[in-house]
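J.: Once you've had a glance at the structure underneath, I'll fire off some questions.
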Amino acid sequence: MALSMSPRRVSYVRISVGLLAVLASAPLAASAAQYGGGNGTPENPFLISTPEEFAMIGANPADWNMHFKLVADIDLSAYDETNLHLIGHWVMLGSTANQPFNGSFEGNGKTISGFHYKDMQSEYVGLFQHVTGEIRNLKLARPAVIGDGIGTGSLVGYLEKGAVSTCSAIEANVSGNEAVGALVGAAGGNVYTSWSNGTVSGVRYVGGLIGQAGGGIIARSYSKAAVVGNESVGGFLGGMLKETGIVESCYAAGPVDGALYVGGLVGQVVAGSVWRSYSVGLVTGKQSAGGLIGYQRALAAVYVSFWDMETSKQATSIGGAGKTTIEMKTLDTYLSMNWDFWATWTMCEGVSYPILFWQIPVGDLRCPDGVNFTDFIWFAANWRHSNCGELNHGCEGADLDGSGEVDLRDLSLFAANWMAGVDWD
Ligand SMILES: [Ca+2]
Ligand SMILES: [Ca+2]
């Protein structure tokens, strides 16, 4: 296991016999599983519309290089560790029984609720145990996962490589030992435009979104989870271990509590770099606690990043620049350091901290603070305008579908998002 520095290796062998039996009983060639349609190619993915169809993925390792698309919200509460096989398989480093999920899972914006799972013996626990492929556009609602080995997360235990993008763990409750995160336990691959809230607890490398990161890119993501751990505990990420690792344009807003190396954003940056990120959560720690970063070593660097000295109750951080709450809600704090407020960030100046551009609902033309009457006034002022383009910012944003004019199609988009709000909690 590339990321691990842990001595806890002894327990992995115990479970391997049962899991090998699972693998041996699985089909070896073409899929025998009955999904809801498709043939598993990227163009024609297997369609998943029920919990039973979803459970077939884990039960059919021969399909783990295939492509899947979720076409309905599903509820997994009838399943747990006694009747659900995690997708992808990991026994221990070097084991020939290791078999990652190397295909793709397109969540299609749908939600999987009710995933709950307890495994106190395996290394890596998550809905997907071991991944080298891609998981996209998937929401997990109220996942509850308990592990005790290395790598516990609701969506992925071990993202060896590949990517997780536009995924969320909402009201997650994840606890584990080492490398524990609300969404991903240990990430060697990339994680983009993803978020979490809920609670995360563990011993070492415990983070609000990801427990432990390797050499991948973690970008445009955030966590509001409350995080509790012992060593290397961060509101967003517990620890980053490799020099090529990057955290870019991320933030954390949840409270963080630990003993050693405790940071509002990252607990410990062993190696790698953090760029244009911030944190505002309360940080409590006994030793090497910092507003943004708990501890950073020689191969680590932190650039143009900030923390709120008031809400964190931390006056210092080994990386980043401390700001007052008012400064943290001032656009110029970020513009003066070349943060991108065209495509990456946006903010309701004086009212709130920056948020990521992708968090804004369609039709939130002003502030951003949700789609309300202020936005309607701007929309109405541009009603029936044409020649919408770059020069007038798409008729002040009212040309919601980018067609060049503000018409009924835009109004229906606006109406569909009426009162859609940014989640400030
Ligand atoms: Ca608004
Ligand atoms: Ca239009």
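Ligands are numbered from 1 in the order shown, chains are lettered A, B, ... in the order of the structure tokens, and residues start at 1 in each chain.
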Let me see if you get this right: every residue at most 9 Å from ligand 2, counting only C-alpha atoms and all ligand atoms, written as a list in words.
T.: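 Taking only C-alpha atoms and all ligand atoms into account, the residues around ligand 2 at most 9 Å away are Ser386, Cys388, Gly394, Ala398, Asp399, Leu400, Asp401, Gly402, Ser403, Gly404, Glu405, Val406, Asp407, Leu408, Arg409, Asp410 and Leu411 of chain A.
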J.: Would you name the residues within 6 Å of ligand 1, counting only C-alpha atoms and all ligand atoms, and put them as a PyMOL selection string?
T.: chain A and resi 364-372+375
J.: Atoms to include: C-alpha atoms. Write the selected residues as a PDB file, in the first residue's frame.
T.:
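What landed in part.pdb:
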ATOM      1  CA  ASP A 364     -28.647  32.895  -8.437  1.00  0.00           C
ATOM      2  CA  LEU A 365     -27.696  35.999 -10.393  1.00  0.00           C
ATOM      3  CA  ARG A 366     -26.733  38.183  -7.475  1.00  0.00           C
ATOM      4  CA  CYS A 367     -24.652  37.878  -4.331  1.00  0.00           C
ATOM      5  CA  PRO A 368     -24.709  34.563  -4.328  1.00  0.00           C
ATOM      6  CA  ASP A 369     -27.186  33.804  -1.592  1.00  0.00           C
ATOM      7  CA  GLY A 370     -29.767  31.524  -3.202  1.00  0.00           C
ATOM      8  CA  VAL A 371     -32.382  32.272  -5.849  1.00  0.00           C
ATOM      9  CA  ASN A 372     -34.702  34.906  -4.449  1.00  0.00           C
ATOM     10  CA  ASP A 375     -32.337  37.654  -8.527  1.00  0.00           C
TER      11      ASP A 375
END
J.: Each residue of range 200-299 of chain A lying at most 10 Å from range 332-352 of chain A should get a row with its shortest atom-to-atom pair and the distance in Å to one decimal, counting only C-alpha atoms; could you produce that, ordered by chain and increasing number, as a Markdown table?
T.:
| residue | atom | partner | partner_atom | distance |
| --- | --- | --- | --- | --- |
| A:Arg220 | CA | A:Thr344 | CA | 7.3 |
| A:Ser249 | CA | A:Thr344 | CA | 7.6 |
| A:Cys250 | CA | A:Trp345 | CA | 9.8 |
| A:Trp275 | CA | A:Trp339 | CA | 9.6 |
| A:Arg276 | CA | A:Trp339 | CA | 6.5 |
| A:Ser277 | CA | A:Trp339 | CA | 9.3 |
J.: So the first atom is CA of Thr152 in chain A and the second is CA of Lys224 in chain A; what is the distance between them in Å, to one decimal place?
T.: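 These atoms are spaced 18.0 Å apart.
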J.: Identify all residues of range 253-404 of chain A in strand (DSSP E) (DSSP on the backbone) and supply them as a PyMOL selection string.
T.: chain A and resi 256-257+260-263+266-275+278-279+283-284+287-290+293-303+306-308+321-323+345-346+355-356
J.: Could I get the residues of range 159-268 of chain A with an atom no further than 12 Å from an atom of range 86-108 of chain A, each paired with its nearest atom pair and that distance in Å to one decimal, using only C-alpha atoms, sorted by chain and residue number, as JSON lines?
T.:
{"residue": "A:Leu159", "atom": "CA", "partner": "A:Pro100", "partner_atom": "CA", "distance": 9.0}
{"residue": "A:Glu160", "atom": "CA", "partner": "A:Pro100", "partner_atom": "CA", "distance": 8.4}
{"residue": "A:Lys161", "atom": "CA", "partner": "A:Asn102", "partner_atom": "CA", "distance": 9.3}
{"residue": "A:Gly162", "atom": "CA", "partner": "A:Asn102", "partner_atom": "CA", "distance": 8.1}
{"residue": "A:Ala163", "atom": "CA", "partner": "A:Ser104", "partner_atom": "CA", "distance": 9.5}
{"residue": "A:Val164", "atom": "CA", "partner": "A:Phe105", "partner_atom": "CA", "distance": 9.7}
{"residue": "A:Ser165", "atom": "CA", "partner": "A:Glu106", "partner_atom": "CA", "distance": 9.9}
{"residue": "A:Thr166", "atom": "CA", "partner": "A:Gly107", "partner_atom": "CA", "distance": 9.2}
{"residue": "A:Cys167", "atom": "CA", "partner": "A:Gly107", "partner_atom": "CA", "distance": 8.3}
{"residue": "A:Ser168", "atom": "CA", "partner": "A:Gly107", "partner_atom": "CA", "distance": 10.7}
J.: Deliver the residues from the most recent selection as a file, using N, CA and C atoms, as an mmCIF file, in the first residue's frame.
T.:
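Output contents, as saved in again-v7.cif:
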data_model
loop_
_atom_site.group_PDB
_atom_site.id
_atom_site.type_symbol
_atom_site.label_atom_id
_atom_site.label_comp_id
_atom_site.auth_asym_id
_atom_site.auth_seq_id
_atom_site.Cartn_x
_atom_site.Cartn_y
_atom_site.Cartn_z
ATOM 1 N N LEU A 159 -8.691 5.024 -2.788
ATOM 2 C CA LEU A 159 -8.649 5.503 -4.172
ATOM 3 C C LEU A 159 -7.180 5.443 -4.600
ATOM 4 N N GLU A 160 -6.775 4.275 -5.110
ATOM 5 C CA GLU A 160 -5.349 4.074 -5.409
ATOM 6 C C GLU A 160 -4.887 5.028 -6.497
ATOM 7 N N LYS A 161 -5.674 5.101 -7.569
ATOM 8 C CA LYS A 161 -5.484 6.127 -8.591
ATOM 9 C C LYS A 161 -6.853 6.353 -9.224
ATOM 10 N N GLY A 162 -6.911 7.040 -10.368
ATOM 11 C CA GLY A 162 -8.223 7.386 -10.901
ATOM 12 C C GLY A 162 -8.752 8.621 -10.207
ATOM 13 N N ALA A 163 -10.086 8.777 -10.208
ATOM 14 C CA ALA A 163 -10.644 10.027 -9.691
ATOM 15 C C ALA A 163 -12.037 9.872 -9.120
ATOM 16 N N VAL A 164 -12.314 10.724 -8.156
ATOM 17 C CA VAL A 164 -13.664 10.948 -7.650
ATOM 18 C C VAL A 164 -13.999 12.394 -7.982
ATOM 19 N N SER A 165 -15.076 12.630 -8.725
ATOM 20 C CA SER A 165 -15.431 14.012 -9.026
ATOM 21 C C SER A 165 -16.923 14.251 -8.842
ATOM 22 N N THR A 166 -17.222 15.436 -8.313
ATOM 23 C CA THR A 166 -18.603 15.862 -8.083
ATOM 24 C C THR A 166 -19.382 14.810 -7.296
ATOM 25 N N CYS A 167 -18.808 14.422 -6.174
ATOM 26 C CA CYS A 167 -19.464 13.475 -5.271
ATOM 27 C C CYS A 167 -19.605 14.126 -3.893
ATOM 28 N N SER A 168 -20.586 13.658 -3.131
ATOM 29 C CA SER A 168 -20.758 14.229 -1.804
ATOM 30 C C SER A 168 -21.174 13.181 -0.790
#
J.: So which residues touch Val180 in chain A within 9 Å, counting only C-alpha atoms, skipping near sequence neighbours fewer than 6 positions away, as JSON, numbers by chain?
T.: {"A": [147, 150, 151, 152, 153, 157, 174, 186, 200, 201, 202, 203, 204, 205, 206, 207, 208, 209, 210, 211, 212, 238]}
J.: Rounded to one decimal, what separation in Å do you get between CA of Phe357 in chain A and CA of Leu331 in chain A?
T.: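 CA of Phe357 in chain A sits 14.3 Å away from CA of Leu331 in chain A.
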J.: Give me the residues near Val145 in chain A as a ChimeraX atom specification, where near means some atom within 9 Å (using only C-alpha atoms) and where sequence neighbours in that chain fewer than 5 positions away do not count.
T.: /A:115-119,125-127,152-154,172-176
J.: Would you mind exporting the chosen residues as a tab-separated table (two decimals), in the first residue's frame, restricted to C-alpha atoms?
T.:
chain	number	residue	atom	x	y	z
A	115	PHE	CA	-25.53	2.88	3.23
A	116	HIS	CA	-24.37	1.53	6.57
A	117	TYR	CA	-21.52	-0.86	7.05
A	118	LYS	CA	-19.23	-2.07	9.83
A	119	ASP	CA	-15.97	-3.95	9.27
A	125	VAL	CA	-13.69	0.15	3.93
A	126	GLY	CA	-16.14	2.17	1.83
A	127	LEU	CA	-19.01	1.62	-0.60
A	152	THR	CA	-12.22	4.27	6.05
A	153	GLY	CA	-14.51	6.48	3.99
A	154	SER	CA	-18.18	6.43	3.02
A	172	ALA	CA	-21.97	11.32	6.93
A	173	ASN	CA	-20.98	9.47	10.07
A	174	VAL	CA	-17.62	7.79	9.54
A	175	SER	CA	-15.27	6.38	12.13
A	176	GLY	CA	-12.07	4.44	11.70
J.: Please provide the set of residues having any atom within 7 Å of Ile217 in chain A, restricted to only C-alpha atoms, with same-chain residues fewer than 4 positions apart removed, written as a list of chain:residue names.
T.: A:Asn190, A:Val191, A:Gly245, A:Ile246, A:Val247
J.: Keeping C-alpha atoms for every residue in the selection just given, could you write it to a file as a short mmCIF file (atom, residue, chain, number, x, y, z; two decimals), in the first residue's frame?
T.:
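The result, written out as result-v6.cif:
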data_model
loop_
_atom_site.label_atom_id
_atom_site.label_comp_id
_atom_site.auth_asym_id
_atom_site.auth_seq_id
_atom_site.Cartn_x
_atom_site.Cartn_y
_atom_site.Cartn_z
CA ASN A 190 -7.56 12.88 -7.72
CA VAL A 191 -10.63 14.33 -6.03
CA GLY A 245 0.35 16.08 -3.86
CA ILE A 246 -1.66 19.28 -4.30
CA VAL A 247 -4.60 20.78 -2.45
#
J.: DSSP on the backbone: which residues in range 370-416 of chain A end up as alpha helix (DSSP H)? Give the answer as a short mmCIF file (atom, residue, chain, number, x, y, z; two decimals) with N, CA and C atoms, in the first residue's frame.
T.:
data_model
loop_
_atom_site.label_atom_id
_atom_site.label_comp_id
_atom_site.auth_asym_id
_atom_site.auth_seq_id
_atom_site.Cartn_x
_atom_site.Cartn_y
_atom_site.Cartn_z
N PHE A 373 -35.86 37.05 -4.55
CA PHE A 373 -36.46 38.19 -5.24
C PHE A 373 -35.42 39.11 -5.87
N THR A 374 -34.29 39.25 -5.20
CA THR A 374 -33.23 40.09 -5.78
C THR A 374 -32.83 39.57 -7.15
N ASP A 375 -32.71 38.26 -7.25
CA ASP A 375 -32.34 37.65 -8.53
C ASP A 375 -33.46 37.83 -9.54
N PHE A 376 -34.70 37.76 -9.08
CA PHE A 376 -35.83 37.92 -9.99
C PHE A 376 -35.86 39.33 -10.58
N ILE A 377 -35.54 40.32 -9.75
CA ILE A 377 -35.51 41.70 -10.24
C ILE A 377 -34.48 41.83 -11.36
N TRP A 378 -33.31 41.23 -11.19
CA TRP A 378 -32.28 41.26 -12.23
C TRP A 378 -32.73 40.49 -13.47
N PHE A 379 -33.36 39.38 -13.23
CA PHE A 379 -33.86 38.57 -14.35
C PHE A 379 -34.89 39.37 -15.15
N ALA A 380 -35.86 39.96 -14.41
CA ALA A 380 -36.94 40.70 -15.07
C ALA A 380 -36.40 41.91 -15.83
N ALA A 381 -35.36 42.55 -15.27
CA ALA A 381 -34.79 43.73 -15.94
C ALA A 381 -34.18 43.36 -17.29
N HIS A 393 -22.07 40.00 -20.14
CA HIS A 393 -22.11 38.86 -19.20
C HIS A 393 -23.40 38.06 -19.35
N GLY A 394 -23.75 37.75 -20.61
CA GLY A 394 -24.96 36.96 -20.85
C GLY A 394 -26.20 37.66 -20.34
N CYS A 395 -26.31 38.99 -20.71
CA CYS A 395 -27.43 39.80 -20.19
C CYS A 395 -27.51 39.70 -18.67
N GLU A 396 -26.40 40.06 -18.03
CA GLU A 396 -26.28 40.07 -16.55
C GLU A 396 -26.57 38.70 -15.95
N LEU A 408 -38.58 32.45 -22.66
CA LEU A 408 -39.32 31.53 -21.79
C LEU A 408 -38.49 30.34 -21.32
N ARG A 409 -37.54 29.93 -22.16
CA ARG A 409 -36.71 28.81 -21.71
C ARG A 409 -35.88 29.19 -20.49
N ASP A 410 -35.39 30.44 -20.48
CA ASP A 410 -34.65 30.91 -19.31
C ASP A 410 -35.58 31.05 -18.10
N LEU A 411 -36.80 31.53 -18.36
CA LEU A 411 -37.75 31.68 -17.26
C LEU A 411 -38.09 30.33 -16.63
N SER A 412 -38.21 29.30 -17.46
CA SER A 412 -38.52 27.99 -16.89
C SER A 412 -37.35 27.46 -16.08
N LEU A 413 -36.12 27.73 -16.53
CA LEU A 413 -34.95 27.36 -15.73
C LEU A 413 -34.93 28.12 -14.41
N PHE A 414 -35.24 29.42 -14.52
CA PHE A 414 -35.25 30.25 -13.31
C PHE A 414 -36.30 29.73 -12.32
N ALA A 415 -37.49 29.46 -12.85
CA ALA A 415 -38.59 28.98 -11.99
C ALA A 415 -38.24 27.64 -11.35
N ALA A 416 -37.57 26.78 -12.12
CA ALA A 416 -37.23 25.45 -11.60
C ALA A 416 -36.26 25.55 -10.44
#
J.: For Gly235 in chain A, find every residue with an atom within 8 Å (counting only C-alpha atoms), except residues of its own chain fewer than 3 positions away, and show them as a ChimeraX atom specification.
T.: /A:207-209,223-227,238,252-256,263-267,279,281
J.: Let's have the selection written as a compact mmCIF listing (two decimals), in the first residue's frame, with C-alpha atoms.
T.:
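Saved as part-v3.txt:
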# COMPACT_ATOMS: atom_id res chain seq x y z
CA GLY A 207 -9.99 14.61 7.75
CA GLY A 208 -13.36 16.17 6.99
CA LEU A 209 -13.36 15.07 3.34
CA SER A 223 -15.94 20.01 3.98
CA LYS A 224 -18.15 21.20 6.79
CA ALA A 225 -17.78 18.00 8.79
CA ALA A 226 -16.86 17.99 12.48
CA VAL A 227 -13.59 16.09 12.86
CA GLY A 238 -5.83 14.65 7.78
CA ALA A 252 -13.09 23.69 5.47
CA ALA A 253 -15.60 25.12 7.91
CA GLY A 254 -16.12 22.39 10.50
CA PRO A 255 -14.66 22.18 14.02
CA VAL A 256 -11.50 20.12 14.46
CA GLY A 263 -5.25 22.13 11.58
CA GLY A 264 -8.40 23.86 10.39
CA LEU A 265 -7.70 22.68 6.83
CA VAL A 266 -4.91 20.05 6.98
CA GLY A 267 -3.53 18.29 10.05
CA SER A 279 -10.45 27.39 6.80
CA GLY A 281 -13.56 26.15 11.85
J.: Between A:Val283, A:Ile355, A:Ile135, A:Leu260, which one has atoms that come closest to Ala315 in chain A, using only C-alpha atoms?
T.: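 That would be A:Val283, the residue with the smallest distance to Ala315 in chain A.
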J.: What does the distance between CA of Ala78 in chain A and CA of Gly149 in chain A come to in Å, to one decimal place?
T.: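 Interatomic distance here is 24.6 Å.
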